[in-house]
file final.tsv (TSV, C-alpha atoms (C1' of nucleotides))
chain	number	residue	atom	x	y	z
Q	1	MET	CA	34.50	-17.20	18.60
Q	2	THR	CA	31.32	-16.86	20.56
Q	3	SER	CA	32.90	-18.57	23.56
Q	4	ASP	CA	34.36	-15.21	24.56
Q	5	LEU	CA	30.87	-13.76	24.74
Q	6	GLU	CA	29.70	-16.80	26.64
Q	7	VAL	CA	32.43	-16.30	29.20
Q	8	ARG	CA	31.41	-12.70	29.67
Q	9	LEU	CA	27.81	-13.71	30.34
Q	10	ARG	CA	28.82	-16.36	32.85
Q	11	ALA	CA	31.18	-13.94	34.56
Q	12	ALA	CA	28.19	-11.67	35.13
Q	13	SER	CA	26.19	-14.68	36.37
Q	14	LEU	CA	23.74	-14.34	33.53
Q	15	ARG	CA	22.29	-17.34	31.74
Q	16	VAL	CA	23.76	-18.06	28.34
Q	17	THR	CA	21.00	-17.95	25.75
Q	18	ARG	CA	21.04	-17.63	22.01
Q	19	PRO	CA	19.33	-14.21	21.98
Q	20	ARG	CA	21.89	-12.83	24.43
Q	21	LEU	CA	24.84	-14.15	22.47
Q	22	ALA	CA	23.34	-12.73	19.28
Q	23	VAL	CA	22.83	-9.30	20.84
Q	24	LEU	CA	26.38	-9.22	22.19
Q	25	ALA	CA	27.78	-10.29	18.83
Q	26	ALA	CA	25.70	-7.67	17.01
Q	27	LEU	CA	26.93	-4.90	19.29
Q	28	ARG	CA	30.53	-6.10	19.11
Q	29	ASP	CA	30.41	-5.88	15.31
Q	30	HIS	CA	28.25	-2.75	15.09
Q	31	PRO	CA	28.90	-0.28	17.90
Q	32	HIS	CA	26.45	2.60	18.55
Q	33	VAL	CA	23.41	1.03	16.87
Q	34	ASP	CA	19.87	1.61	18.10
Q	35	THR	CA	17.44	-1.02	19.34
Q	36	ASP	CA	15.71	-1.44	15.99
Q	37	THR	CA	19.01	-2.17	14.30
Q	38	VAL	CA	19.96	-4.63	17.01
Q	39	ILE	CA	16.68	-6.43	16.41
Q	40	ALA	CA	17.37	-6.59	12.68
Q	41	LEU	CA	20.93	-7.82	13.21
Q	42	VAL	CA	19.85	-10.46	15.72
Q	43	ARG	CA	17.11	-11.69	13.39
Q	44	ALA	CA	19.63	-12.23	10.63
Q	45	ASP	CA	20.84	-15.13	12.79
Q	46	LEU	CA	17.74	-15.98	14.79
Q	47	PRO	CA	14.62	-14.93	12.85
Q	48	ALA	CA	12.22	-15.86	15.63
Q	49	VAL	CA	13.54	-13.51	18.32
Q	50	SER	CA	10.86	-11.10	19.54
Q	51	HIS	CA	11.48	-7.40	19.91
Q	52	GLN	CA	10.61	-7.73	23.57
Q	53	ALA	CA	13.39	-10.26	24.03
Q	54	VAL	CA	15.88	-7.78	22.60
Q	55	TYR	CA	14.62	-5.05	24.91
Q	56	ASP	CA	14.90	-7.44	27.86
Q	57	VAL	CA	18.37	-8.60	26.87
Q	58	LEU	CA	19.63	-5.05	26.37
Q	59	ARG	CA	18.36	-4.11	29.80
Q	60	ALA	CA	19.87	-7.18	31.45
Q	61	LEU	CA	23.22	-6.61	29.77
Q	62	THR	CA	23.17	-2.93	30.65
Q	63	ASP	CA	22.33	-3.64	34.28
Q	64	ALA	CA	25.11	-6.22	34.41
Q	65	GLY	CA	27.58	-3.72	32.95
Q	66	LEU	CA	28.30	-5.76	29.82
Q	67	VAL	CA	27.00	-3.06	27.51
Q	68	ARG	CA	26.68	0.68	27.84
Q	69	ARG	CA	23.57	2.58	26.87
Q	70	ILE	CA	24.06	5.98	25.28
Q	71	GLN	CA	21.30	8.34	24.31
Q	72	PRO	CA	22.23	11.69	22.77
Q	73	ALA	CA	19.47	14.31	23.04
Q	74	GLY	CA	16.74	13.79	20.48
Q	75	ALA	CA	17.88	10.29	19.51
Q	76	THR	CA	16.71	6.85	20.49
Q	77	ALA	CA	18.80	4.67	22.79
Q	78	ARG	CA	21.99	3.23	21.37
Q	79	TYR	CA	24.32	0.60	22.78
Q	80	GLU	CA	27.99	-0.37	22.73
Q	81	THR	CA	30.14	-3.10	24.24
Q	82	ARG	CA	33.06	-0.85	25.12
Q	83	VAL	CA	32.51	-0.53	28.84
Q	84	ALA	CA	35.88	-0.81	30.55
Q	85	ASP	CA	36.83	2.86	30.17
Q	86	ASN	CA	34.70	5.95	30.55
Q	87	HIS	CA	35.14	7.29	27.05
Q	88	HIS	CA	32.93	9.86	25.35
Q	89	HIS	CA	31.24	10.39	21.98
Q	90	VAL	CA	31.02	12.77	19.05
Q	91	VAL	CA	27.57	12.99	17.49
Q	92	CYS	CA	26.82	14.35	14.03
Q	93	ARG	CA	23.98	16.85	14.15
Q	94	SER	CA	22.72	16.07	10.66
Q	95	CYS	CA	22.98	12.29	10.31
Q	96	GLY	CA	23.33	11.15	13.92
Q	97	ALA	CA	26.57	9.24	13.33
Q	98	ILE	CA	28.51	8.51	16.51
Q	99	ALA	CA	32.23	7.97	17.06
Q	100	ASP	CA	34.23	7.23	20.18
Q	101	VAL	CA	36.40	9.88	21.78
Q	102	ASP	CA	38.93	9.11	24.47
Q	103	CYS	CA	38.83	11.55	27.32
Q	104	ALA	CA	41.31	14.37	26.83
Q	105	HIS	CA	42.04	14.90	30.51
Q	106	GLY	CA	43.29	11.42	31.29
Q	107	GLN	CA	40.90	9.50	33.52
Q	108	ALA	CA	38.34	11.77	35.17
Q	109	PRO	CA	37.75	14.65	32.76
Q	110	CYS	CA	35.85	17.64	33.97
Q	111	LEU	CA	34.62	15.53	36.88
Q	112	THR	CA	35.15	18.49	39.16
Q	113	ALA	CA	32.13	20.72	38.71
Q	114	SER	CA	32.65	24.31	39.76
Q	115	ASN	CA	29.58	24.28	41.99
Q	116	ASP	CA	27.89	20.94	42.55
Q	117	HIS	CA	24.84	22.28	44.46
Q	118	GLY	CA	25.35	19.54	47.03
Q	119	PHE	CA	25.02	16.76	44.48
Q	120	VAL	CA	27.21	13.69	44.92
Q	121	ILE	CA	28.63	13.34	41.41
Q	122	ASP	CA	29.78	9.92	40.22
Q	123	GLU	CA	30.15	10.42	36.48
Q	124	ALA	CA	30.79	13.17	33.98
Q	125	GLU	CA	29.34	12.39	30.57
Q	126	VAL	CA	30.60	14.45	27.64
Q	127	VAL	CA	28.87	14.65	24.28
Q	128	TYR	CA	30.64	16.51	21.50
Q	129	TRP	CA	28.23	17.88	18.91
Q	130	GLY	CA	29.30	18.65	15.39
Q	131	THR	CA	29.32	17.49	11.79
Q	132	CYS	CA	30.78	14.23	10.56
Q	133	PRO	CA	33.20	14.18	7.60
Q	134	ASP	CA	30.52	12.86	5.22
Q	135	CYS	CA	27.92	15.48	6.08
Q	136	ALA	CA	30.57	18.21	6.05
Q	137	ALA	CA	31.47	17.23	2.50
Q	138	LEU	CA	27.82	17.22	1.44
Q	139	ASN	CA	27.23	20.64	2.98
Q	140	LYS	CA	30.22	22.08	1.21
Q	141	THR	CA	28.92	20.80	-2.13
Q	142	SER	CA	25.38	22.11	-1.66
Q	143	GLN	CA	26.68	25.46	-0.42
Q	144	ALA	CA	28.79	25.83	-3.53
Q	145	ASN	CA	25.69	25.18	-5.65
Q	146	GLU	CA	23.58	27.70	-3.74
Q	147	GLY	CA	25.36	30.72	-5.18
Q	148	SER	CA	24.70	29.76	-8.79
Q	149	GLU	CA	21.28	28.14	-8.73
Q	150	GLY	CA	19.59	29.19	-5.48
Q	151	LYS	CA	17.96	26.52	-3.45
Q	152	ALA	CA	17.44	23.08	-4.88
B	1	MET	CA	7.11	42.56	33.98
B	2	THR	CA	6.13	40.73	30.88
B	3	SER	CA	7.39	43.54	28.67
B	4	ASP	CA	10.88	42.11	29.03
B	5	LEU	CA	9.68	38.85	27.53
B	6	GLU	CA	7.86	40.75	24.81
B	7	VAL	CA	11.07	42.56	23.92
B	8	ARG	CA	12.91	39.26	23.65
B	9	LEU	CA	10.33	37.89	21.26
B	10	ARG	CA	10.41	40.98	19.06
B	11	ALA	CA	14.20	40.96	19.06
B	12	ALA	CA	14.02	37.46	17.60
B	13	SER	CA	11.42	38.71	15.07
B	14	LEU	CA	8.82	36.39	16.50
B	15	ARG	CA	5.19	37.42	16.88
B	16	VAL	CA	4.13	38.27	20.40
B	17	THR	CA	1.29	35.97	21.42
B	18	ARG	CA	-0.19	35.08	24.75
B	19	PRO	CA	0.91	31.42	24.60
B	20	ARG	CA	4.48	32.44	23.85
B	21	LEU	CA	4.60	34.93	26.69
B	22	ALA	CA	3.11	32.34	29.03
B	23	VAL	CA	5.68	29.70	28.03
B	24	LEU	CA	8.56	32.12	28.49
B	25	ALA	CA	7.23	33.20	31.88
B	26	ALA	CA	6.76	29.60	32.97
B	27	LEU	CA	10.33	28.69	32.02
B	28	ARG	CA	11.74	31.83	33.62
B	29	ASP	CA	10.08	30.91	36.91
B	30	HIS	CA	10.61	27.14	36.65
B	31	PRO	CA	13.86	26.20	34.93
B	32	HIS	CA	14.44	22.61	33.72
B	33	VAL	CA	10.77	21.57	33.55
B	34	ASP	CA	9.48	19.12	30.96
B	35	THR	CA	6.84	19.77	28.32
B	36	ASP	CA	3.97	18.42	30.39
B	37	THR	CA	4.82	20.74	33.24
B	38	VAL	CA	5.08	23.68	30.87
B	39	ILE	CA	1.61	22.85	29.57
B	40	ALA	CA	0.26	22.75	33.12
B	41	LEU	CA	1.94	26.02	34.07
B	42	VAL	CA	0.72	27.77	30.93
B	43	ARG	CA	-2.84	26.57	31.48
B	44	ALA	CA	-2.84	28.05	34.96
B	45	ASP	CA	-2.93	31.38	33.14
B	46	LEU	CA	-4.52	30.42	29.83
B	47	PRO	CA	-6.68	27.33	30.28
B	48	ALA	CA	-7.51	27.02	26.60
B	49	VAL	CA	-3.99	26.56	25.26
B	50	SER	CA	-3.59	23.31	23.36
B	51	HIS	CA	-0.72	20.96	23.98
B	52	GLN	CA	0.22	21.32	20.34
B	53	ALA	CA	0.58	25.08	20.79
B	54	VAL	CA	3.06	24.52	23.60
B	55	TYR	CA	5.04	22.07	21.49
B	56	ASP	CA	5.03	24.58	18.61
B	57	VAL	CA	6.04	27.45	20.86
B	58	LEU	CA	8.86	25.49	22.48
B	59	ARG	CA	10.19	24.59	19.07
B	60	ALA	CA	9.95	28.16	17.79
B	61	LEU	CA	11.66	29.54	20.88
B	62	THR	CA	14.36	26.88	20.73
B	63	ASP	CA	15.03	27.53	17.05
B	64	ALA	CA	15.21	31.26	17.76
B	65	GLY	CA	17.67	30.65	20.57
B	66	LEU	CA	15.42	32.09	23.30
B	67	VAL	CA	15.25	28.81	25.19
B	68	ARG	CA	17.57	25.84	25.40
B	69	ARG	CA	16.38	22.30	25.16
B	70	ILE	CA	18.12	19.73	27.36
B	71	GLN	CA	17.44	16.04	27.38
B	72	PRO	CA	19.46	13.83	29.72
B	73	ALA	CA	19.52	10.16	28.71
B	74	GLY	CA	16.30	8.37	29.61
B	75	ALA	CA	14.38	11.56	30.37
B	76	THR	CA	11.90	13.60	28.36
B	77	ALA	CA	12.84	16.97	26.91
B	78	ARG	CA	13.30	19.82	29.37
B	79	TYR	CA	13.74	23.53	28.73
B	80	GLU	CA	15.41	26.55	30.28
B	81	THR	CA	15.73	30.24	29.45
B	82	ARG	CA	19.38	30.55	30.41
B	83	VAL	CA	20.93	30.60	26.96
B	84	ALA	CA	23.65	33.25	26.95
B	85	ASP	CA	26.38	30.99	28.33
B	86	ASN	CA	27.17	27.39	27.58
B	87	HIS	CA	26.71	26.05	31.07
B	88	HIS	CA	26.18	22.43	32.02
B	89	HIS	CA	23.92	20.37	34.28
B	90	VAL	CA	23.95	17.92	37.18
B	91	VAL	CA	21.23	15.30	37.02
B	92	CYS	CA	20.06	13.21	39.94
B	93	ARG	CA	19.90	9.53	38.99
B	94	SER	CA	17.05	8.71	41.34
B	95	CYS	CA	14.65	11.67	41.09
B	96	GLY	CA	15.77	13.37	37.88
B	97	ALA	CA	16.33	16.75	39.51
B	98	ILE	CA	18.54	19.09	37.49
B	99	ALA	CA	20.76	21.95	38.60
B	100	ASP	CA	23.00	24.33	36.65
B	101	VAL	CA	26.75	23.98	36.71
B	102	ASP	CA	29.07	26.63	35.38
B	103	CYS	CA	31.89	25.23	33.34
B	104	ALA	CA	35.03	24.78	35.39
B	105	HIS	CA	37.37	25.55	32.50
B	106	GLY	CA	36.16	29.09	31.78
B	107	GLN	CA	34.45	29.51	28.42
B	108	ALA	CA	34.97	26.59	26.05
B	109	PRO	CA	35.22	23.61	28.35
B	110	CYS	CA	36.53	20.34	27.06
B	111	LEU	CA	35.92	21.45	23.49
B	112	THR	CA	39.19	19.85	22.43
B	113	ALA	CA	38.54	16.18	21.90
B	114	SER	CA	41.61	13.98	21.88
B	115	ASN	CA	40.71	12.43	18.53
B	116	ASP	CA	37.81	13.98	16.66
B	117	HIS	CA	37.64	11.37	13.85
B	118	GLY	CA	37.36	14.20	11.34
B	119	PHE	CA	34.22	15.64	12.94
B	120	VAL	CA	33.86	19.42	13.02
B	121	ILE	CA	32.95	19.96	16.67
B	122	ASP	CA	30.94	23.04	17.64
B	123	GLU	CA	29.79	22.22	21.15
B	124	ALA	CA	30.81	20.12	24.10
B	125	GLU	CA	27.87	19.18	26.30
B	126	VAL	CA	28.63	17.91	29.78
B	127	VAL	CA	26.16	16.07	31.97
B	128	TYR	CA	27.19	15.30	35.53
B	129	TRP	CA	25.38	12.30	36.95
B	130	GLY	CA	24.94	11.77	40.64
B	131	THR	CA	22.58	12.03	43.59
B	132	CYS	CA	20.88	15.20	44.74
B	133	PRO	CA	21.03	16.25	48.42
B	134	ASP	CA	17.42	15.14	49.05
B	135	CYS	CA	17.86	11.66	47.59
B	136	ALA	CA	21.25	11.27	49.31
B	137	ALA	CA	19.56	11.98	52.64
B	138	LEU	CA	16.77	9.49	51.91
B	139	ASN	CA	19.26	6.80	50.90
B	140	LYS	CA	21.24	7.29	54.07
B	141	THR	CA	18.10	6.87	56.16
B	142	SER	CA	16.90	3.73	54.39
B	143	GLN	CA	20.38	2.20	54.48
B	144	ALA	CA	20.54	2.73	58.23
B	145	ASN	CA	17.18	0.96	58.59
B	146	GLU	CA	18.24	-1.97	56.40
B	147	GLY	CA	20.58	-3.41	58.99
B	148	SER	CA	17.95	-3.62	61.73
B	149	GLU	CA	14.73	-4.46	59.91
B	150	GLY	CA	15.72	-5.80	56.50
B	151	LYS	CA	13.86	-4.45	53.54
B	152	ALA	CA	10.78	-2.33	54.03
O	1	DA	C1'	-8.71	52.99	12.20
O	2	DC	C1'	-9.36	49.00	9.13
O	3	DC	C1'	-8.02	45.15	6.27
O	4	DC	C1'	-5.86	40.93	5.19
O	5	DA	C1'	-2.27	37.49	4.50
O	6	DA	C1'	1.19	34.98	6.88
O	7	DG	C1'	1.78	32.91	10.78
O	8	DA	C1'	-0.06	30.87	15.06
O	9	DC	C1'	-3.43	28.07	17.42
O	10	DT	C1'	-7.19	24.31	18.10
O	11	DG	C1'	-8.84	19.72	17.97
O	12	DG	C1'	-8.14	15.30	16.86
O	13	DA	C1'	-5.75	11.53	14.77
O	14	DA	C1'	-1.34	9.11	14.05
O	15	DT	C1'	3.37	7.48	14.91
O	16	DA	C1'	7.35	5.60	17.26
O	17	DA	C1'	9.84	3.99	21.23
O	18	DA	C1'	9.43	1.59	25.05
O	19	DT	C1'	6.96	-0.95	28.68
O	20	DC	C1'	3.45	-4.07	30.72
O	21	DA	C1'	1.10	-8.50	31.25
O	22	DA	C1'	-0.04	-13.42	30.84
O	23	DG	C1'	1.27	-17.63	29.36
O	24	DT	C1'	5.10	-20.90	27.43
O	25	DT	C1'	9.77	-22.47	26.97
O	26	DT	C1'	14.48	-23.30	28.52
O	27	DA	C1'	19.02	-23.12	31.08
O	28	DG	C1'	21.43	-25.20	34.40
O	29	DG	C1'	21.79	-26.72	39.38
O	30	DA	C1'	20.06	-30.62	42.45
K	1	DT	C1'	16.89	-36.71	34.64
K	2	DC	C1'	13.92	-33.43	36.95
K	3	DC	C1'	12.43	-29.01	38.39
K	4	DT	C1'	12.22	-24.13	39.16
K	5	DA	C1'	13.55	-19.56	38.32
K	6	DA	C1'	14.74	-17.04	34.62
K	7	DA	C1'	14.08	-16.04	29.89
K	8	DC	C1'	11.23	-15.73	25.87
K	9	DT	C1'	6.74	-15.09	22.88
K	10	DT	C1'	2.69	-12.79	21.74
K	11	DG	C1'	-0.04	-8.99	21.84
K	12	DA	C1'	-1.87	-4.98	24.05
K	13	DT	C1'	-0.76	-0.47	26.22
K	14	DT	C1'	1.43	3.76	27.57
K	15	DT	C1'	3.88	7.98	26.76
K	16	DA	C1'	6.13	11.60	24.23
K	17	DT	C1'	5.87	13.67	20.12
K	18	DT	C1'	4.43	14.83	15.46
K	19	DC	C1'	1.15	15.34	11.54
K	20	DC	C1'	-2.86	17.40	9.54
K	21	DA	C1'	-6.88	20.28	8.31
K	22	DG	C1'	-9.38	23.99	9.51
K	23	DT	C1'	-9.89	28.48	12.34
K	24	DC	C1'	-8.22	32.54	14.63
K	25	DT	C1'	-4.94	36.43	15.43
K	26	DT	C1'	-0.92	39.49	14.92
K	27	DG	C1'	0.93	43.33	12.95
K	28	DG	C1'	2.36	45.60	8.52
K	29	DG	C1'	0.12	48.17	4.83
K	30	DT	C1'	-3.55	51.44	3.25
call {"tool": "encode", "arguments": {"input": "final.tsv", "output": "structure tokens"}}
result
Amino acid sequence: MTSDLEVRLRAASLRVTRPRLAVLAALRDHPHVDTDTVIALVRADLPAVSHQAVYDVLRALTDAGLVRRIQPAGATARYETRVADNHHHVVCRSCGAIADVDCAHGQAPCLTASNDHGFVIDEAEVVYWGTCPDCAALNKTSQANEGSEGKA
Amino acid sequence: MTSDLEVRLRAASLRVTRPRLAVLAALRDHPHVDTDTVIALVRADLPAVSHQAVYDVLRALTDAGLVRRIQPAGATARYETRVADNHHHVVCRSCGAIADVDCAHGQAPCLTASNDHGFVIDEAEVVYWGTCPDCAALNKTSQANEGSEGKA
DNA sequence: ACCCAAGACTGGAATAAATCAAGTTTAGGA
DNA sequence: TCCTAAACTTGATTTATTCCAGTCTTGGGT
């Protein structure tokens, strides 16, 4: 139940509060959602939670390493509870859908940059850009229509 | 001179205007700058250019493939004129500095995701996170001081 | 060389995401 | 049970970006 989430909070020496449990539960059940969606999900349980509380909680959880913040270019911040491994993401260019991708090269992927310019690199983040199955299907349909009836 | 930039614009069938030439010149001389900096650089030459014009120009140039837009998580949009190859970037966590990194794996880097969830992938974007030489040097200094005099 | 229409630019307002600030409530150790 | 630091509420503010209406300019056509 929620006791698992409670344990995780205590392990990170964070206070156990209803907003925090609600945020963790929301992210566990809905990976890759943005802050607005988290707020909506949390308010389904606790209607009185302020948006600021959610922002605070997300920051505290991120700092504590309980959630991971991802932010593909041009999108708002999204969060997930899968933090143990350093996995990557595929992002749909048209609808913004995100899916997890395990790293192809075992543990540290392309972590060896060809020329690091003296930077001390501690993480290689990979974002795969493309089209999700749903949008691909839609595109195929509309393309088929284009030939016969021009643009919609 | 600027004629090179003019040629690039015409090749993309874009009108040649002073704001566009100024934006291209600014990005050629200062890679990886954000929109605000572009505005400042452009206004050094053309003081009357509106911020909206710069936003419009950056979008037009990006759509035409003359500049590339990059946006590391938590940062504002940045632009560069190096578009021919699909190179990557190192980003400094503390100061936000960005440097180019050629892909270690030749042309298409880690473009083969282990499980693509049915996505049609067309690009693999890699962001290396770390500490730039300057910030690394600063950290080393302040860490050395910590032992003797606590926090500043 | 001149004209003019599409496209580009100006000025100003509006939106969205995120943060700041001041005061109130609450978790959890003493 | 009490108390304090941490967490939360309310509401304003900042920052990056976009929208909109009107004006100017580029460059193809005459």
call {"tool": "calpha_fit_and_write", "arguments": {"input": "final.tsv", "fixed": "chain B", "moving": "chain Q", "output": "short mmCIF file (atom, residue, chain, number, x, y, z; two decimals) with C-alpha atoms, keeping the file's coordinate frame"}}
result
data_model
loop_
_atom_site.label_atom_id
_atom_site.label_comp_id
_atom_site.auth_asym_id
_atom_site.auth_seq_id
_atom_site.Cartn_x
_atom_site.Cartn_y
_atom_site.Cartn_z
CA MET Q 1 6.96 42.69 33.87
CA THR Q 2 6.06 40.76 30.77
CA SER Q 3 7.34 43.58 28.57
CA ASP Q 4 10.83 42.15 28.95
CA LEU Q 5 9.64 38.88 27.47
CA GLU Q 6 7.84 40.76 24.74
CA VAL Q 7 11.04 42.56 23.83
CA ARG Q 8 12.89 39.28 23.59
CA LEU Q 9 10.29 37.89 21.19
CA ARG Q 10 10.39 40.96 18.99
CA ALA Q 11 14.18 40.93 18.99
CA ALA Q 12 13.99 37.43 17.54
CA SER Q 13 11.40 38.65 15.02
CA LEU Q 14 8.79 36.35 16.45
CA ARG Q 15 5.17 37.38 16.83
CA VAL Q 16 4.09 38.25 20.34
CA THR Q 17 1.25 35.97 21.37
CA ARG Q 18 -0.22 35.09 24.71
CA PRO Q 19 0.86 31.43 24.57
CA ARG Q 20 4.45 32.44 23.83
CA LEU Q 21 4.58 34.95 26.65
CA ALA Q 22 3.09 32.37 29.00
CA VAL Q 23 5.64 29.74 28.02
CA LEU Q 24 8.54 32.16 28.46
CA ALA Q 25 7.21 33.27 31.84
CA ALA Q 26 6.74 29.65 32.95
CA LEU Q 27 10.30 28.74 32.01
CA ARG Q 28 11.72 31.90 33.58
CA ASP Q 29 10.06 30.99 36.89
CA HIS Q 30 10.58 27.22 36.65
CA PRO Q 31 13.83 26.26 34.93
CA HIS Q 32 14.41 22.65 33.76
CA VAL Q 33 10.74 21.62 33.57
CA ASP Q 34 9.44 19.16 31.00
CA THR Q 35 6.82 19.82 28.35
CA ASP Q 36 3.95 18.45 30.42
CA THR Q 37 4.79 20.80 33.26
CA VAL Q 38 5.06 23.73 30.89
CA ILE Q 39 1.59 22.90 29.61
CA ALA Q 40 0.23 22.81 33.15
CA LEU Q 41 1.93 26.08 34.08
CA VAL Q 42 0.72 27.83 30.93
CA ARG Q 43 -2.84 26.61 31.51
CA ALA Q 44 -2.85 28.13 34.97
CA ASP Q 45 -2.94 31.46 33.12
CA LEU Q 46 -4.52 30.49 29.81
CA PRO Q 47 -6.70 27.38 30.28
CA ALA Q 48 -7.53 27.06 26.60
CA VAL Q 49 -3.99 26.59 25.26
CA SER Q 50 -3.60 23.29 23.41
CA HIS Q 51 -0.70 20.96 24.02
CA GLN Q 52 0.21 21.30 20.37
CA ALA Q 53 0.56 25.05 20.78
CA VAL Q 54 3.04 24.50 23.60
CA TYR Q 55 5.03 22.05 21.49
CA ASP Q 56 5.03 24.55 18.62
CA VAL Q 57 6.02 27.45 20.85
CA LEU Q 58 8.83 25.48 22.49
CA ARG Q 59 10.19 24.57 19.08
CA ALA Q 60 9.94 28.13 17.78
CA LEU Q 61 11.64 29.53 20.87
CA THR Q 62 14.34 26.88 20.73
CA ASP Q 63 15.01 27.52 17.05
CA ALA Q 64 15.18 31.24 17.74
CA GLY Q 65 17.65 30.67 20.58
CA LEU Q 66 15.39 32.11 23.28
CA VAL Q 67 15.24 28.85 25.18
CA ARG Q 68 17.55 25.88 25.41
CA ARG Q 69 16.36 22.31 25.18
CA ILE Q 70 18.10 19.78 27.40
CA GLN Q 71 17.42 16.08 27.41
CA PRO Q 72 19.42 13.87 29.77
CA ALA Q 73 19.47 10.20 28.75
CA GLY Q 74 16.26 8.41 29.65
CA ALA Q 75 14.33 11.60 30.40
CA THR Q 76 11.86 13.63 28.40
CA ALA Q 77 12.84 17.00 26.96
CA ARG Q 78 13.28 19.85 29.39
CA TYR Q 79 13.72 23.56 28.75
CA GLU Q 80 15.39 26.60 30.28
CA THR Q 81 15.70 30.29 29.46
CA ARG Q 82 19.35 30.59 30.41
CA VAL Q 83 20.90 30.66 26.97
CA ALA Q 84 23.61 33.30 26.95
CA ASP Q 85 26.36 31.07 28.36
CA ASN Q 86 27.15 27.46 27.61
CA HIS Q 87 26.68 26.11 31.10
CA HIS Q 88 26.15 22.48 32.04
CA HIS Q 89 23.90 20.41 34.31
CA VAL Q 90 23.93 17.97 37.19
CA VAL Q 91 21.20 15.34 37.03
CA CYS Q 92 20.02 13.23 39.96
CA ARG Q 93 19.87 9.57 39.01
CA SER Q 94 17.00 8.75 41.35
CA CYS Q 95 14.62 11.70 41.10
CA GLY Q 96 15.75 13.42 37.90
CA ALA Q 97 16.31 16.81 39.55
CA ILE Q 98 18.51 19.14 37.52
CA ALA Q 99 20.75 22.00 38.63
CA ASP Q 100 22.96 24.37 36.68
CA VAL Q 101 26.72 24.03 36.74
CA ASP Q 102 29.04 26.68 35.40
CA CYS Q 103 31.82 25.28 33.29
CA ALA Q 104 34.94 24.64 35.34
CA HIS Q 105 37.40 25.35 32.55
CA GLY Q 106 36.34 28.90 31.82
CA GLN Q 107 34.63 29.23 28.45
CA ALA Q 108 35.21 26.19 26.25
CA PRO Q 109 35.57 23.22 28.60
CA CYS Q 110 36.82 19.97 27.21
CA LEU Q 111 36.03 21.30 23.74
CA THR Q 112 39.27 19.80 22.51
CA ALA Q 113 38.58 16.13 21.93
CA SER Q 114 41.65 13.93 21.88
CA ASN Q 115 40.72 12.41 18.54
CA ASP Q 116 37.80 13.95 16.69
CA HIS Q 117 37.60 11.35 13.88
CA GLY Q 118 37.35 14.19 11.38
CA PHE Q 119 34.23 15.63 12.96
CA VAL Q 120 33.86 19.41 13.03
CA ILE Q 121 32.94 19.95 16.68
CA ASP Q 122 30.96 23.05 17.63
CA GLU Q 123 29.81 22.25 21.16
CA ALA Q 124 30.82 20.14 24.12
CA GLU Q 125 27.87 19.21 26.30
CA VAL Q 126 28.63 17.94 29.80
CA VAL Q 127 26.15 16.11 31.98
CA TYR Q 128 27.17 15.34 35.54
CA TRP Q 129 25.35 12.32 36.96
CA GLY Q 130 24.91 11.80 40.65
CA THR Q 131 22.56 12.05 43.60
CA CYS Q 132 20.85 15.22 44.76
CA PRO Q 133 21.00 16.27 48.44
CA ASP Q 134 17.40 15.15 49.07
CA CYS Q 135 17.82 11.68 47.60
CA ALA Q 136 21.19 11.29 49.31
CA ALA Q 137 19.53 11.98 52.65
CA LEU Q 138 16.75 9.49 51.92
CA ASN Q 139 19.24 6.81 50.91
CA LYS Q 140 21.23 7.30 54.06
CA THR Q 141 18.09 6.86 56.17
CA SER Q 142 16.91 3.71 54.38
CA GLN Q 143 20.40 2.23 54.48
CA ALA Q 144 20.55 2.74 58.22
CA ASN Q 145 17.23 0.89 58.55
CA GLU Q 146 18.37 -2.01 56.37
CA GLY Q 147 20.74 -3.41 58.97
CA SER Q 148 18.08 -3.74 61.66
CA GLU Q 149 14.94 -4.67 59.77
CA GLY Q 150 16.02 -5.96 56.35
CA LYS Q 151 14.23 -4.62 53.36
CA ALA Q 152 11.07 -2.61 53.77
#
call {"tool": "closest_residue", "arguments": {"input": "final.tsv", "among": "Q:Ile98, Q:Ala137, Q:Ile39, Q:Cys103", "to": "Q:Asp56", "atoms": "all atoms listed in the file"}}
result
Q:Ile39
call {"tool": "interface_residues", "arguments": {"input": "final.tsv", "of": "chain Q", "to": "chain O", "cutoff": "8 Å", "atoms": "only C-alpha atoms (C1' of nucleotides)", "output": "mmCIF file with C-alpha atoms, in the frame of the given file"}}
result
data_model
loop_
_atom_site.group_PDB
_atom_site.id
_atom_site.type_symbol
_atom_site.label_atom_id
_atom_site.label_comp_id
_atom_site.auth_asym_id
_atom_site.auth_seq_id
_atom_site.Cartn_x
_atom_site.Cartn_y
_atom_site.Cartn_z
ATOM 1 C CA ARG Q 15 22.290 -17.340 31.740
ATOM 2 C CA VAL Q 16 23.760 -18.060 28.340
ATOM 3 C CA THR Q 17 21.000 -17.950 25.750
ATOM 4 C CA THR Q 76 16.710 6.850 20.490
#
call {"tool": "interface_residues", "arguments": {"input": "final.tsv", "of": "chain Q", "to": "chain B", "cutoff": "8 Å", "atoms": "only C-alpha atoms", "output": "ChimeraX atom specification"}}
result
/Q:70-74,90,92,99,101-104,110-133,136
call {"tool": "interface_residues", "arguments": {"input": "final.tsv", "of": "chain Q", "to": "chain K", "cutoff": "12 Å", "atoms": "all atoms listed in the file", "output": "number ranges by chain"}}
result
Q: 13-20, 48-57, 60, 74
call {"tool": "atom_distance", "arguments": {"input": "final.tsv", "atom1": "atom CA of B:Ala12", "atom2": "atom CA of B:Arg82"}}
result
15.5 Å
call {"tool": "atom_distance", "arguments": {"input": "final.tsv", "atom1": "atom CA of B:Glu6", "atom2": "atom CA of B:Glu80"}}
result
17.0 Å
